[in-house]
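With mmCIF, C-alpha atoms inside, this is start.cif:
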data_data
#
loop_
_atom_site.group_PDB
_atom_site.id
_atom_site.type_symbol
_atom_site.label_atom_id
_atom_site.label_comp_id
_atom_site.auth_asym_id
_atom_site.auth_seq_id
_atom_site.Cartn_x
_atom_site.Cartn_y
_atom_site.Cartn_z
ATOM 1 C CA MET C 944 -1.886 -7.956 -6.444
ATOM 2 C CA ASP C 945 -0.490 -10.618 -4.193
ATOM 3 C CA ILE C 946 1.856 -9.393 -1.513
ATOM 4 C CA HIS C 947 4.667 -11.677 -0.447
ATOM 5 C CA LEU C 948 6.488 -10.818 2.744
ATOM 6 C CA GLU C 949 9.667 -12.340 4.043
ATOM 7 C CA LEU C 950 9.303 -12.842 7.778
ATOM 8 C CA ARG C 951 12.157 -13.172 10.192
ATOM 9 C CA PRO C 952 12.011 -15.341 13.293
ATOM 10 C CA ILE C 953 10.929 -13.452 16.384
ATOM 11 C CA ASP C 954 13.147 -13.055 19.424
ATOM 12 C CA LEU C 955 11.230 -14.595 22.317
ATOM 13 C CA SER C 956 13.765 -13.264 24.821
ATOM 14 C CA LEU C 957 12.480 -9.685 24.539
ATOM 15 C CA THR C 958 11.160 -8.114 27.698
ATOM 16 C CA PRO C 959 7.471 -7.092 27.723
ATOM 17 C CA ALA C 960 8.399 -3.406 27.255
ATOM 18 C CA GLU C 961 10.336 -4.259 24.080
ATOM 19 C CA LYS C 962 7.612 -6.334 22.453
ATOM 20 C CA SER C 963 5.657 -5.005 19.522
ATOM 21 C CA MET C 964 1.989 -4.056 19.471
ATOM 22 C CA THR C 965 -0.661 -6.385 20.754
ATOM 23 C CA SER C 966 -3.279 -7.858 18.451
ATOM 24 C CA ALA C 967 -5.853 -5.497 19.954
ATOM 25 C CA GLU C 968 -3.646 -2.479 19.184
ATOM 26 C CA ARG C 969 -3.116 -3.662 15.620
ATOM 27 C CA LYS C 970 -6.843 -4.281 15.216
ATOM 28 C CA ASP C 971 -7.533 -0.727 16.395
ATOM 29 C CA ILE C 972 -5.148 0.717 13.789
ATOM 30 C CA VAL C 973 -6.707 -1.344 10.990
ATOM 31 C CA THR C 974 -10.231 -0.418 12.118
ATOM 32 C CA LYS C 975 -9.311 3.289 12.104
ATOM 33 C CA ALA C 976 -7.812 2.969 8.614
ATOM 34 C CA ARG C 977 -10.906 1.189 7.318
ATOM 35 C CA ASN C 978 -13.220 3.796 8.886
ATOM 36 C CA LYS C 979 -11.130 6.511 7.236
ATOM 37 C CA GLN C 980 -11.750 4.808 3.890
ATOM 38 C CA TYR C 981 -15.495 4.608 4.558
ATOM 39 C CA GLN C 982 -15.532 8.339 5.345
ATOM 40 C CA ARG C 983 -13.466 9.207 2.272
ATOM 41 C CA PHE C 984 -15.845 7.411 -0.063
ATOM 42 C CA SER C 985 -19.027 8.164 1.946
ATOM 43 C CA ARG C 986 -19.989 4.497 1.984
ATOM 44 C CA SER C 987 -18.684 1.052 2.968
ATOM 45 C CA VAL C 988 -16.065 0.878 0.234
ATOM 46 C CA THR C 989 -12.359 0.304 0.672
ATOM 47 C CA ASN C 990 -9.341 1.301 -1.393
ATOM 48 C CA SER C 991 -9.180 -2.198 -2.841
ATOM 49 C CA ILE C 992 -12.488 -1.953 -4.727
ATOM 50 C CA VAL C 993 -13.237 1.728 -5.300
ATOM 51 C CA SER C 994 -13.160 2.844 -8.934
ATOM 52 C CA LEU C 995 -9.932 4.290 -10.295
ATOM 53 C CA GLU C 996 -11.723 7.551 -11.051
ATOM 54 C CA GLU C 997 -12.893 7.934 -7.459
ATOM 55 C CA LEU C 998 -9.506 6.918 -6.082
ATOM 56 C CA SER C 999 -7.834 9.509 -8.336
ATOM 57 C CA LEU C 1000 -10.239 12.235 -7.215
ATOM 58 C CA THR C 1001 -9.918 11.532 -3.500
ATOM 59 C CA SER C 1002 -6.242 10.540 -3.368
ATOM 60 C CA PRO C 1003 -4.293 12.058 -6.243
ATOM 61 C CA LEU C 1004 -0.578 11.439 -6.392
ATOM 62 C CA SER C 1005 1.557 14.575 -6.229
ATOM 63 C CA PRO C 1006 3.530 15.319 -9.433
ATOM 64 C CA PRO C 1007 6.811 14.013 -7.937
ATOM 65 C CA LEU C 1008 5.099 10.768 -6.877
ATOM 66 C CA GLN C 1009 3.493 10.423 -10.310
ATOM 67 C CA HIS C 1010 6.927 10.818 -11.858
ATOM 68 C CA LEU C 1011 8.428 8.235 -9.495
ATOM 69 C CA LEU C 1012 5.742 5.678 -10.336
ATOM 70 C CA GLN C 1013 6.054 6.365 -14.070
ATOM 71 C CA GLU C 1014 9.823 5.886 -13.946
ATOM 72 C CA LYS C 1015 9.535 2.558 -12.135
ATOM 73 C CA SER C 1016 6.750 1.476 -14.487
ATOM 74 C CA MET C 1017 8.878 2.131 -17.554
ATOM 75 C CA VAL C 1018 11.889 0.324 -16.118
ATOM 76 C CA TYR C 1019 9.896 -2.749 -15.048
ATOM 77 C CA HIS C 1020 7.283 -2.667 -17.830
ATOM 78 C CA TRP C 1021 4.360 -2.474 -15.411
ATOM 79 C CA SER C 1022 0.891 -2.377 -16.903
ATOM 80 C CA THR C 1023 -1.705 0.198 -15.942
ATOM 81 C CA ARG C 1024 -3.364 -2.460 -13.798
ATOM 82 C CA VAL C 1025 -0.159 -2.990 -11.814
ATOM 83 C CA GLN C 1026 0.264 0.770 -11.352
ATOM 84 C CA VAL C 1027 -3.308 1.129 -10.093
ATOM 85 C CA ASN C 1028 -2.762 -1.710 -7.619
ATOM 86 C CA ILE C 1029 0.392 0.009 -6.373
ATOM 87 C CA ILE C 1030 -1.574 3.234 -5.850
ATOM 88 C CA ARG C 1031 -4.312 1.327 -3.998
ATOM 89 C CA THR C 1032 -1.701 -0.314 -1.768
ATOM 90 C CA ALA C 1033 0.060 3.014 -1.141
ATOM 91 C CA ARG C 1034 -3.286 4.626 -0.228
ATOM 92 C CA THR C 1035 -3.932 1.846 2.298
ATOM 93 C CA ILE C 1036 -0.424 2.163 3.764
ATOM 94 C CA ALA C 1037 -0.944 5.915 4.138
ATOM 95 C CA ASP C 1038 -4.293 5.265 5.859
ATOM 96 C CA ILE C 1039 -2.653 2.878 8.315
ATOM 97 C CA ASP C 1040 0.076 5.466 8.955
ATOM 98 C CA GLY C 1041 -2.615 8.110 9.564
ATOM 99 C CA SER C 1042 -1.619 10.265 6.591
ATOM 100 C CA ASP C 1043 -4.180 12.089 4.460
ATOM 101 C CA PRO C 1044 -2.112 12.357 1.289
ATOM 102 C CA ILE C 1045 -0.253 9.390 -0.139
ATOM 103 C CA THR C 1046 3.295 9.929 1.044
ATOM 104 C CA GLU C 1047 6.520 9.087 -0.715
ATOM 105 C CA ALA C 1048 7.231 6.524 2.005
ATOM 106 C CA ALA C 1049 3.851 4.847 1.413
ATOM 107 C CA LEU C 1050 4.390 4.740 -2.361
ATOM 108 C CA LEU C 1051 7.919 3.357 -1.986
ATOM 109 C CA GLU C 1052 6.668 0.679 0.408
ATOM 110 C CA ALA C 1053 3.938 -0.318 -2.070
ATOM 111 C CA ILE C 1054 6.516 -0.440 -4.879
ATOM 112 C CA GLN C 1055 8.756 -2.583 -2.688
ATOM 113 C CA TYR C 1056 5.916 -5.083 -2.192
ATOM 114 C CA ARG C 1057 5.448 -5.221 -5.965
ATOM 115 C CA MET C 1058 9.168 -5.778 -6.468
ATOM 116 C CA GLN C 1059 8.991 -8.764 -4.114
ATOM 117 C CA THR C 1060 6.195 -10.350 -6.162
ATOM 118 C CA GLY C 1061 8.066 -10.236 -9.477
ATOM 119 C CA THR C 1062 8.638 -7.527 -11.987
ATOM 120 C CA THR C 1063 7.402 -8.856 -15.320
ATOM 121 C CA LEU C 1064 5.402 -11.717 -16.690
ATOM 122 C CA SER C 1065 8.487 -13.108 -18.409
ATOM 123 C CA SER C 1066 10.412 -13.270 -15.142
ATOM 124 C CA SER C 1067 7.911 -15.755 -13.734
ATOM 125 C CA ILE C 1068 8.013 -18.106 -16.725
#
Written as structure tokens, how would this file's structure read?
Amino acid sequence: MDIHLELRPIDLSLTPAEKSMTSAERKDIVTKARNKQYQRFSRSVTNSIVSLEELSLTSPLSPPLQHLLQEKSMVYHWSTRVQVNIIRTARTIADIDGSDPITEAALLEAIQYRMQTGTTLSSSI
């Protein structure tokens, strides 16, 4: 799944205390998230390539989150492949946020990224 983000111009007038994280801080967060994935799968595998079966066993969606994803999938006619990619993205977002289960916020963020990439094949034709 391609993720398209709309970026806003940055305000260069911010004082140092108001600036966002440094590259080193961001790298640390990503490294921790990746290490969490390695531990979860007991090998050097990330959410992006682990099998669906293993992802489902280690990171099941709660019933309310399953229902939410199913509702959106029916409305936007998402294939199983799209749904799996949304779950993979939500798992990664939760890892970055330091959450063990996939949270509603992580799933909604992953759905939002999908919505920004287009909803159906016919909408891109």
Proximity to Arg1024 in chain C - best of C:Leu995, C:Pro1003, C:Thr974, C:Arg951, all atoms listed in the file:
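Closest residue, counting all atoms listed in the file: C:Leu995.
The spacing separating CA of Val973 in chain C from CA of Gln1009 in chain C amounts to 26.4 Å.
Running the PyMOL selection byres ((chain C and resi 1038) around 9) on this file leaves Val973, Lys975, Ala976, Arg977, Lys979, Gln980, Ala1033, Arg1034, Thr1035, Ile1036, Ala1037, Ile1039, Asp1040, Gly1041, Ser1042, Asp1043, Pro1044 and Ile1045 of chain C selected.
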Using only C-alpha atoms, which protein or nucleic acid residues come within 10 Å of Glu1047 in chain C? Drop anything in the same chain fewer than 6 positions from it, and give the result as a PyMOL selection string.
chain C and resi 1004-1005+1007-1008+1011+1033+1037+1053
Those selected residues, please, written with C-alpha atoms and delivered as an mmCIF file, in the coordinates of the input.
data_model
loop_
_atom_site.group_PDB
_atom_site.id
_atom_site.type_symbol
_atom_site.label_atom_id
_atom_site.label_comp_id
_atom_site.auth_asym_id
_atom_site.auth_seq_id
_atom_site.Cartn_x
_atom_site.Cartn_y
_atom_site.Cartn_z
ATOM 1 C CA LEU C 1004 -0.578 11.439 -6.392
ATOM 2 C CA SER C 1005 1.557 14.575 -6.229
ATOM 3 C CA PRO C 1007 6.811 14.013 -7.937
ATOM 4 C CA LEU C 1008 5.099 10.768 -6.877
ATOM 5 C CA LEU C 1011 8.428 8.235 -9.495
ATOM 6 C CA ALA C 1033 0.060 3.014 -1.141
ATOM 7 C CA ALA C 1037 -0.944 5.915 4.138
ATOM 8 C CA ALA C 1053 3.938 -0.318 -2.070
#
Please, what distance in Å, to one decimal, runs between CA of Leu1000 in chain C and CA of Leu1012 in chain C?
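Calculated distance between CA of Leu1000 in chain C and CA of Leu1012 in chain C is 17.6 Å.
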In Å to one decimal, how far is CA of Ala967 in chain C from CA of Leu1051 in chain C?
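Going from CA of Leu1051 in chain C over to CA of Ala967 in chain C, I get 27.4 Å.
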Expected axis-aligned box over every listed atom of range 1007-1026 of chain C, 3 Å added per side, centre plus edges in Å to one decimal, as JSON:
{"center_x": 4.3, "center_y": 5.5, "center_z": -12.4, "size_x": 21.3, "size_y": 23.0, "size_z": 17.0}
